[in-house]
Amino acid sequence: MCCRSLPIATKRRRFADYHLSLSSRKAISIALPLFFISGFAALLYQVIWQRMLSLFSGVDVYSVTVIVAAFMGGLGCGSLYGGHVADRRSARDLLRLFSFCELAIAFFALGSKWLYYDLLYLQLNRLGNSPVIMTGVLFLSLLWPTFFMGMSLPLLSKALTRDVQAAPGTIGGLYGINTLGAACGAFISAWILVRLLGFEPTIKIGVALNSLCALVAILMAQRLPMTNLAPSVAPSHQFSPGDYGVSGEPLHKTSSFALPAWLTIYGLSGFIALSLEMVWFRLVAVMAKMAAFTFANLLTLYLLGLAAGTFVGILLARRSKNPAFAFLILQGGIPLYAGLSISWLVSSLGRSPMLEGIWSYLNMDENFDFWAALLALVNDPFRLNHFSPEVQTFATNLFVLYFLIPLFIIVPPTLMMGISFPFLQKVVQTDTFALGRRVGWLQTANILGCTLGTVLTSWLFFKFIGTAGTLKVLTLFGVVFILLAFCARPFKHSAYRILFASVVGFICVVALMAPGRSLLWSKLHGTTPDKIIVGEDGSGLCLLKADGRTPERTLLYVDGVNHSSLPYGRIHTFLGALPALLHPNPKEIAVIGLGSGDTAFSIGCREETTEITCFEVVAPQISILRELDQRKTYAALRSLLRDGRIKLDLTDGRLAIMQANKKYDIIEADALFPYSTYSGNLYSLEHFFLLRNRLKPGGMAVTWAPTMRTVRTFAKVFPHVLIFHFGPILVGSNEPIEFNLSRIWALLDTPFTRSYFEESGIDLETVKWHFTHSGISSITPAFNRSRLLDINTDLFPKDEYLLP
């Protein structure tokens with residue numbers, strides 16, 4: 001029909017629709033970069049806020065899990081409310097609300113350092129003594145920002161969707177671009193911003209980004225037409241169950257499920273996704289030796305896969321005639337691939353020539369080459385040829401472990417997660433009247449599943465069935481989605497039924513054939529199952545491994561890092577005996593870190609000592625030491641386990657000392673390697689001030705000094721410092737420290753101390769050798785400490801992030 005012959009009303013309607021469509025395209029082209037920036041800022045905050053809150057609540061498994069659950073809980077509440085609001089407002093109002101959300105997040109972020117660090121940690125830290133109160137504080141403190149973050153997707157989805165046909169593309173595009181921004185935020189925050197600037201300046205960058213989003217969104221709202229891009233309902237409208245698809249009727253012509261069923265399915269999807277993320281993180285952390293960048297790399301790859309998959313899914317969903325079936329098949333493929341990829345990796349280690357270098361790396365017993373290689377890879381990646389061949393080889397292996405292996409394990413399943421998202425939106429979004437609420441409900445269901453996955457995997461699965469058992473269970477969940485796919489599209493032909501039964505059987509075989517605990521962890525530590533003892537729970541993985549070069553020696557690994565060894569008599573013996581022999585009367589002692597128990601054992605060498613409190617955050621260490629004691633005779637270990645003076649407290653040592661307000665004669669930090677996650681908490685200026693304030697008169701604080709920055713930070717706090725170059729080891733006090741070798745020899749010759757060491761198989765001459773061969777330097781109150789500027793602080797842990 002010729003355009004001229006159309007009725008005037010039809011022409012006007014088409015003209016208005018054309019301009020409305022043009023307006024929506026412009027709005028989307030502006031909104032996508034805004035939502036990218038919003039996702040970028042959100043991940044900056046998550047990284048920093050989680051770190052600040054860990055000072056208040058600790059870094060034990062309960063506290064870390066609660067922080068993650070609180071963050072997700074706020075997002076879920078925001079998604080639910082955002083969907084409720086979205087269906088009752090015009091597009092212009094929704095953009096204004098989005099602008100308000102970004103401003104609310106920015107204002108909160110501006111004061112977040114004061115709230116989380118200055119108030120909760122410094123002033124109200126004793127609230128963390130009660131798990132119930134601590135949980136409530138964490139949820140309330142995170143509710144404001146995460147609530148407004150959660151509102152964003154439903155608001156923009158409703159504001160920018162023209163019609164139901166465009167819903168999968170619009171909602172998927174928003175979700176994908178926000179996830180891509182989050183991926184960039186995770187990577188740039190860890191590798192650049194936090195590393196070079198610290199926490200406070202990075203927060204201010206996030207505030208600026210949120211403020212920019214708010215400003216552009218409010219300007220964009222003014223240019224939108226008064227007409228809604230998609231129909232809404234009046235605020236007074238009373239929704240019926242049919243408006244949301246909860247009346248029991250199928251939502252899509254190809255689906256036999258109603259909305260409640262899809263919410264449950266998407267919740268299960270979230271449960272599997274977060275549980276798999278935790279399994280992947282544990283595996284990669286052990287292989288990459290748990291450095292500060294490990295989680296950032298994993299999260300970046302996870303989110304990149306999710307974002308890329310979403311964009312691919314938008315293109316595929318347009319042509320899909322059965323989106324419900326496609327969604328369920330993709331969800332079934334996620335745990336199946338996870339089980340297959342990890343099984344292949346474990347079976348190939350030690351056998352495949354392609355992974356020969358990685359096998360040698362995993363079999364490494366010392367950490368210093370690893371540290372040098374990590375420094376080279378982080379600080380000078382384009383000039384590796386200037387380093388020694390050993391460092392070059394380690395750096396190459398680190399690149400494989402940090403990027404290539406996680407790429408192989410994580411990206412394909414997260415691509416499937418992302419691809420499935422637009423398919424789900426195509427199934428669920430059958431009209432625009434309830435579009436916002438359906439987006440909110442779906443996101444809330446998924447977030448609830450994620451939260452449940454975090455809690456159950458951390459507190460139950462890792463503890464009772466381990467990482468290997470958790471992988472088997474998650475792989476079996478693929479069967480659930482395959483069966484649901486069969487229900488969504490029942491095939492009458494027998495060949496299809498046989499195919500479905502074969503797929504179900506294949507998934508079961510993959511789950512049953514996945515590596516068991518001993519095989520999994522022995523391969524990832526470069527050895528065989530008969531040479532290890534393993535213990536794990538949500539707090540971490542501990543493993544004892546027979547030394548391949550010295551059969552009588554046993555090495556202790558925590559999250560893949562070699563911490564110490566048995567029998568005792570090496571550096572940790574000196575680390576423990578040193579302050580005990582320097583102090584005139586060491587009655588009450590605190591030791592942060594158990595390890596093999598060498599430090600805690602050696603520090604108890606004085607008869608005057610009545611109490612040794614040893615704080616350890618990775619609980620399985622004590623259980624594997626007890627198992628080793630039953631298998632192999634180490635006299636010193638047996639003495640340690642039976643010493644009534646030693647009290648083991650499975651909690652965050654720094655937090656426990658902060659909350660208890662108890663004073664000690666000696667506080668020893670048998671600390672982490674400086675590149676390890678959370679190691680900055682034990683090498684910071686504030687931590688050393690805490691130790692200084694918890695010392696009795698004449699008390700001593702002791703720490704390993706792996707870097708010169710640690711020495712400067714320690715010297716900034718203590719007026720009297722002795723530096724023992726063997727280690728090096730730092731001893732600090734508020735009063736002068738007397739170092740008299742004659743007195744130390746006399747103490748070693750006392751009946752108690754002599755028998756304490758000799759009956760435990762430690763040669764006194766070995767102990768003396770450490771004293772006589774360690775050069776000593778001292779720092780007095782006269783030293784000008786104003787020159788000590790390059791130091792570690794709680795809010796700028798430079799050594800942890802390998803800042804040169």
# chains A, B, ... in the order shown; residues from 1 in each chain; ligands from 1
$ residues_around --residues "A:Ser733" --least-positions-apart "2" --cutoff "6 Å" --atoms "only C-alpha atoms" --output "short mmCIF file (atom, residue, chain, number, x, y, z; two decimals) with all heavy atoms, in the first residue's frame"
data_model
loop_
_atom_site.label_atom_id
_atom_site.label_comp_id
_atom_site.auth_asym_id
_atom_site.auth_seq_id
_atom_site.Cartn_x
_atom_site.Cartn_y
_atom_site.Cartn_z
N MET A 700 58.81 -8.06 74.04
CA MET A 700 59.45 -8.04 72.72
C MET A 700 58.48 -8.50 71.65
O MET A 700 57.71 -9.46 71.85
CB MET A 700 60.68 -8.97 72.71
CG MET A 700 61.76 -8.59 73.69
SD MET A 700 63.11 -9.79 73.66
CE MET A 700 64.12 -9.17 75.01
N PHE A 718 59.08 0.77 66.61
CA PHE A 718 59.76 0.40 67.86
C PHE A 718 60.99 1.27 68.08
O PHE A 718 61.83 1.40 67.19
CB PHE A 718 60.15 -1.08 67.83
CG PHE A 718 58.98 -2.02 67.90
CD1 PHE A 718 58.41 -2.53 66.74
CD2 PHE A 718 58.42 -2.34 69.12
CE1 PHE A 718 57.34 -3.38 66.81
CE2 PHE A 718 57.33 -3.19 69.20
CZ PHE A 718 56.77 -3.71 68.03
N HIS A 720 63.51 0.59 70.04
CA HIS A 720 64.70 -0.26 70.16
C HIS A 720 64.50 -1.49 69.26
O HIS A 720 63.55 -2.26 69.44
CB HIS A 720 64.92 -0.70 71.60
CG HIS A 720 65.12 0.46 72.54
ND1 HIS A 720 66.35 1.06 72.77
CD2 HIS A 720 64.22 1.14 73.32
CE1 HIS A 720 66.21 2.04 73.63
NE2 HIS A 720 64.93 2.12 73.99
N GLU A 735 61.79 -0.94 75.42
CA GLU A 735 62.96 -0.74 76.26
C GLU A 735 64.20 -1.33 75.56
O GLU A 735 64.06 -2.14 74.64
CB GLU A 735 62.78 -1.43 77.63
CG GLU A 735 61.79 -0.74 78.55
CD GLU A 735 60.35 -1.11 78.24
OE1 GLU A 735 60.16 -2.20 77.68
OE2 GLU A 735 59.45 -0.31 78.53
#
$ residues_around --residues "A:Gln46" --least-positions-apart "3" --cutoff "12 Å" --atoms "only C-alpha atoms" --output "MDAnalysis selection string"
chainID A and resid 39:43 49:54 67:68 70:72 75 109 112 142 145:146 149 182 185:186 189:190 199 202:203 206 296 299
$ residues_around --residues "A:Thr454" --least-positions-apart "6" --cutoff "8 Å" --atoms "only C-alpha atoms" --output "VMD selection string"
chain A and resid 65 68 to 69 271 274 to 275 278
$ select_by_dssp --residues "stretch 401-514 of chain A" --states "alpha helix (DSSP H)" --output "ChimeraX atom specification"
/A:405-428,435-456,462-464,466-488,494-513
$ residues_around --residues "stretch 540-544 of chain A" --least-positions-apart "5" --cutoff "6 Å" --atoms "only C-alpha atoms" --output "count of residues only"
11
$ select_by_dssp --residues "stretch 526-586 of chain A" --states "strand (DSSP E or B)" --output "list in words"
Ile532, Ile533, Val534, Gly535, Glu536, Asp537, Gly540, Leu541, Cys542, Leu543, Leu544, Lys545, Ala546, Thr554, Leu555, Leu556, Tyr557, Val558, Val561, Asn562, His563, Ser564, Ser565 and Leu566 of chain A
$ residues_around --residues "A:Lys426" --least-positions-apart "5" --cutoff "9 Å" --atoms "only C-alpha atoms" --output "PyMOL selection string"
chain A and resi 164-165+167-169+252+317-318+323-324+421
$ write_last_selection --atoms "all heavy atoms" --output "PDB file, in the first residue's frame"
ATOM      1  N   VAL A 164       8.929  -6.443  23.588  1.00  0.00           N
ATOM      2  CA  VAL A 164       9.303  -7.738  24.126  1.00  0.00           C
ATOM      3  C   VAL A 164      10.299  -8.458  23.216  1.00  0.00           C
ATOM      4  O   VAL A 164      11.129  -9.240  23.682  1.00  0.00           O
ATOM      5  CB  VAL A 164       8.039  -8.593  24.374  1.00  0.00           C
ATOM      6  CG1 VAL A 164       7.410  -9.062  23.065  1.00  0.00           C
ATOM      7  CG2 VAL A 164       8.366  -9.784  25.264  1.00  0.00           C
ATOM      8  N   GLN A 165      10.234  -8.190  21.904  1.00  0.00           N
ATOM      9  CA  GLN A 165      11.178  -8.836  20.989  1.00  0.00           C
ATOM     10  C   GLN A 165      12.614  -8.347  21.239  1.00  0.00           C
ATOM     11  O   GLN A 165      13.574  -9.076  21.024  1.00  0.00           O
ATOM     12  CB  GLN A 165      10.796  -8.573  19.530  1.00  0.00           C
ATOM     13  CG  GLN A 165       9.578  -9.330  19.042  1.00  0.00           C
ATOM     14  CD  GLN A 165       8.274  -8.734  19.568  1.00  0.00           C
ATOM     15  OE1 GLN A 165       8.237  -7.534  19.903  1.00  0.00           O
ATOM     16  NE2 GLN A 165       7.230  -9.552  19.641  1.00  0.00           N
ATOM     17  N   ALA A 167      13.744  -7.426  24.169  1.00  0.00           N
ATOM     18  CA  ALA A 167      14.122  -7.622  25.565  1.00  0.00           C
ATOM     19  C   ALA A 167      15.386  -8.460  25.745  1.00  0.00           C
ATOM     20  O   ALA A 167      16.300  -8.053  26.481  1.00  0.00           O
ATOM     21  CB  ALA A 167      12.952  -8.235  26.346  1.00  0.00           C
ATOM     22  N   PRO A 168      15.519  -9.640  25.096  1.00  0.00           N
ATOM     23  CA  PRO A 168      16.750 -10.420  25.309  1.00  0.00           C
ATOM     24  C   PRO A 168      18.009  -9.647  24.933  1.00  0.00           C
ATOM     25  O   PRO A 168      19.024  -9.715  25.638  1.00  0.00           O
ATOM     26  CB  PRO A 168      16.554 -11.645  24.410  1.00  0.00           C
ATOM     27  CG  PRO A 168      15.081 -11.762  24.233  1.00  0.00           C
ATOM     28  CD  PRO A 168      14.558 -10.354  24.218  1.00  0.00           C
ATOM     29  N   GLY A 169      17.945  -8.902  23.815  1.00  0.00           N
ATOM     30  CA  GLY A 169      19.114  -8.152  23.382  1.00  0.00           C
ATOM     31  C   GLY A 169      19.431  -6.989  24.288  1.00  0.00           C
ATOM     32  O   GLY A 169      20.601  -6.743  24.629  1.00  0.00           O
ATOM     33  N   HIS A 252       6.530 -19.502  27.893  1.00  0.00           N
ATOM     34  CA  HIS A 252       6.913 -19.490  26.488  1.00  0.00           C
ATOM     35  C   HIS A 252       6.279 -20.687  25.801  1.00  0.00           C
ATOM     36  O   HIS A 252       6.097 -21.749  26.409  1.00  0.00           O
ATOM     37  CB  HIS A 252       8.441 -19.537  26.366  1.00  0.00           C
ATOM     38  CG  HIS A 252       8.965 -19.178  25.009  1.00  0.00           C
ATOM     39  ND1 HIS A 252       9.103 -20.099  24.015  1.00  0.00           N
ATOM     40  CD2 HIS A 252       9.367 -17.985  24.482  1.00  0.00           C
ATOM     41  CE1 HIS A 252       9.587 -19.516  22.924  1.00  0.00           C
ATOM     42  NE2 HIS A 252       9.756 -18.232  23.182  1.00  0.00           N
ATOM     43  N   ALA A 317      20.308 -16.021  20.472  1.00  0.00           N
ATOM     44  CA  ALA A 317      18.927 -16.066  20.981  1.00  0.00           C
ATOM     45  C   ALA A 317      17.928 -15.518  19.977  1.00  0.00           C
ATOM     46  O   ALA A 317      16.767 -15.932  19.963  1.00  0.00           O
ATOM     47  CB  ALA A 317      18.841 -15.298  22.297  1.00  0.00           C
ATOM     48  N   ARG A 318      18.373 -14.581  19.133  1.00  0.00           N
ATOM     49  CA  ARG A 318      17.456 -14.018  18.138  1.00  0.00           C
ATOM     50  C   ARG A 318      16.904 -15.086  17.202  1.00  0.00           C
ATOM     51  O   ARG A 318      15.763 -15.015  16.765  1.00  0.00           O
ATOM     52  CB  ARG A 318      18.175 -12.942  17.319  1.00  0.00           C
ATOM     53  CG  ARG A 318      18.530 -11.689  18.086  1.00  0.00           C
ATOM     54  CD  ARG A 318      19.374 -10.775  17.222  1.00  0.00           C
ATOM     55  NE  ARG A 318      19.816  -9.593  17.958  1.00  0.00           N
ATOM     56  CZ  ARG A 318      20.735  -8.733  17.512  1.00  0.00           C
ATOM     57  NH1 ARG A 318      21.295  -8.933  16.314  1.00  0.00           N
ATOM     58  NH2 ARG A 318      21.089  -7.699  18.237  1.00  0.00           N
ATOM     59  N   PRO A 323      14.292 -21.444  23.057  1.00  0.00           N
ATOM     60  CA  PRO A 323      15.276 -20.894  24.001  1.00  0.00           C
ATOM     61  C   PRO A 323      15.333 -21.639  25.325  1.00  0.00           C
ATOM     62  O   PRO A 323      16.394 -21.704  25.949  1.00  0.00           O
ATOM     63  CB  PRO A 323      14.815 -19.449  24.192  1.00  0.00           C
ATOM     64  CG  PRO A 323      13.365 -19.457  23.826  1.00  0.00           C
ATOM     65  CD  PRO A 323      13.210 -20.485  22.752  1.00  0.00           C
ATOM     66  N   ALA A 324      14.206 -22.206  25.755  1.00  0.00           N
ATOM     67  CA  ALA A 324      14.212 -22.936  27.028  1.00  0.00           C
ATOM     68  C   ALA A 324      15.116 -24.157  26.943  1.00  0.00           C
ATOM     69  O   ALA A 324      15.931 -24.415  27.844  1.00  0.00           O
ATOM     70  CB  ALA A 324      12.788 -23.357  27.384  1.00  0.00           C
ATOM     71  N   PHE A 421      22.249 -16.557  29.282  1.00  0.00           N
ATOM     72  CA  PHE A 421      21.469 -15.468  29.882  1.00  0.00           C
ATOM     73  C   PHE A 421      20.424 -14.883  28.920  1.00  0.00           C
ATOM     74  O   PHE A 421      19.252 -14.749  29.297  1.00  0.00           O
ATOM     75  CB  PHE A 421      22.421 -14.377  30.396  1.00  0.00           C
ATOM     76  CG  PHE A 421      21.727 -13.235  31.092  1.00  0.00           C
ATOM     77  CD1 PHE A 421      21.331 -13.345  32.412  1.00  0.00           C
ATOM     78  CD2 PHE A 421      21.445 -12.053  30.420  1.00  0.00           C
ATOM     79  CE1 PHE A 421      20.681 -12.301  33.055  1.00  0.00           C
ATOM     80  CE2 PHE A 421      20.803 -11.000  31.045  1.00  0.00           C
ATOM     81  CZ  PHE A 421      20.418 -11.122  32.370  1.00  0.00           C
TER      82      PHE A 421
END
$ closest_residue --among "A:Ala546, A:Ile603, A:Leu764, A:Leu795" --to "A:Tyr678" --atoms "only C-alpha atoms"
A:Leu795
$ closest_residue --among "A:Gly698, A:Pro131, A:Gly436, A:Pro728" --to "A:His583" --atoms "only C-alpha atoms"
A:Gly698
$ residues_around --residues "stretch 750-752 of chain A" --least-positions-apart "3" --cutoff "12 Å" --atoms "only C-alpha atoms" --output "short mmCIF file (atom, residue, chain, number, x, y, z; two decimals) with N, CA and C atoms, in the first residue's frame"
data_model
loop_
_atom_site.label_atom_id
_atom_site.label_comp_id
_atom_site.auth_asym_id
_atom_site.auth_seq_id
_atom_site.Cartn_x
_atom_site.Cartn_y
_atom_site.Cartn_z
N LEU A 581 65.17 -16.69 74.47
CA LEU A 581 66.47 -16.61 75.15
C LEU A 581 66.93 -15.18 75.39
N GLY A 604 59.00 -22.19 73.38
CA GLY A 604 58.68 -22.71 74.72
C GLY A 604 59.85 -23.33 75.44
N CYS A 605 61.07 -22.94 75.07
CA CYS A 605 62.27 -23.59 75.61
C CYS A 605 62.66 -23.12 77.01
N ARG A 606 61.92 -22.16 77.57
CA ARG A 606 62.26 -21.64 78.91
C ARG A 606 61.30 -22.20 79.96
N GLU A 607 61.87 -22.57 81.09
CA GLU A 607 61.06 -23.11 82.18
C GLU A 607 60.09 -22.07 82.73
N GLU A 608 60.46 -20.78 82.62
CA GLU A 608 59.61 -19.71 83.16
C GLU A 608 58.29 -19.56 82.38
N THR A 609 58.25 -20.05 81.16
CA THR A 609 57.07 -19.87 80.29
C THR A 609 55.92 -20.73 80.78
N ARG A 743 75.18 -15.08 78.41
CA ARG A 743 73.91 -15.35 79.10
C ARG A 743 73.09 -16.37 78.32
N ILE A 744 73.09 -16.25 76.99
CA ILE A 744 72.32 -17.19 76.15
C ILE A 744 72.89 -18.60 76.29
N TRP A 745 74.26 -18.73 76.29
CA TRP A 745 74.83 -20.06 76.47
C TRP A 745 74.47 -20.64 77.84
N ALA A 746 74.44 -19.77 78.84
CA ALA A 746 74.09 -20.25 80.18
C ALA A 746 72.65 -20.74 80.23
N LEU A 747 71.74 -20.02 79.55
CA LEU A 747 70.34 -20.45 79.51
C LEU A 747 70.19 -21.77 78.76
N SER A 755 67.37 -30.33 78.15
CA SER A 755 66.56 -31.54 77.93
C SER A 755 65.41 -31.27 76.96
N TYR A 756 64.88 -30.06 76.99
CA TYR A 756 63.77 -29.68 76.10
C TYR A 756 64.17 -29.88 74.63
N PHE A 757 65.38 -29.42 74.29
CA PHE A 757 65.84 -29.56 72.92
C PHE A 757 66.38 -30.96 72.63
N GLU A 758 67.22 -31.48 73.50
CA GLU A 758 67.89 -32.74 73.21
C GLU A 758 66.92 -33.91 73.18
N GLU A 759 65.94 -33.94 74.10
CA GLU A 759 64.97 -35.03 74.09
C GLU A 759 64.05 -34.96 72.87
N LEU A 764 71.83 -28.92 70.32
CA LEU A 764 72.07 -27.58 70.87
C LEU A 764 73.14 -26.84 70.08
#
$ residues_around --residues "A:Ile592" --least-positions-apart "4" --cutoff "8 Å" --atoms "only C-alpha atoms" --output "ChimeraX atom specification"
/A:614-616,653-654,667-671
$ write_last_selection --atoms "N, CA, C and O atoms" --output "tab-separated table (two decimals), in the first residue's frame"
chain	number	residue	atom	x	y	z
A	614	CYS	N	48.89	-19.88	70.48
A	614	CYS	CA	49.24	-19.92	69.06
A	614	CYS	C	47.97	-19.70	68.24
A	614	CYS	O	47.01	-20.47	68.33
A	615	PHE	N	47.97	-18.63	67.45
A	615	PHE	CA	46.82	-18.30	66.60
A	615	PHE	C	47.06	-18.84	65.19
A	615	PHE	O	48.12	-18.60	64.60
A	616	GLU	N	46.08	-19.54	64.66
A	616	GLU	CA	46.21	-20.07	63.30
A	616	GLU	C	44.86	-19.99	62.59
A	616	GLU	O	43.85	-20.43	63.13
A	653	GLY	N	44.90	-14.12	64.06
A	653	GLY	CA	45.75	-13.72	65.18
A	653	GLY	C	45.76	-12.23	65.43
A	653	GLY	O	45.67	-11.78	66.58
A	654	ARG	N	45.86	-11.44	64.38
A	654	ARG	CA	45.89	-9.99	64.56
A	654	ARG	C	44.59	-9.51	65.20
A	654	ARG	O	44.61	-8.70	66.14
A	667	ILE	N	55.48	-11.40	71.60
A	667	ILE	CA	54.53	-11.64	70.51
A	667	ILE	C	55.35	-11.92	69.26
A	667	ILE	O	56.10	-11.07	68.79
A	668	GLU	N	55.20	-13.12	68.76
A	668	GLU	CA	55.96	-13.58	67.61
A	668	GLU	C	55.02	-13.73	66.41
A	668	GLU	O	53.95	-14.33	66.53
A	669	ALA	N	55.42	-13.17	65.27
A	669	ALA	CA	54.64	-13.33	64.04
A	669	ALA	C	55.42	-14.23	63.09
A	669	ALA	O	56.36	-13.80	62.44
A	670	ASP	N	55.03	-15.51	63.07
A	670	ASP	CA	55.63	-16.46	62.11
A	670	ASP	C	54.88	-16.24	60.81
A	670	ASP	O	54.02	-17.03	60.41
A	671	ALA	N	55.22	-15.14	60.13
A	671	ALA	CA	54.32	-14.55	59.15
A	671	ALA	C	54.39	-15.21	57.78
A	671	ALA	O	55.23	-16.06	57.49
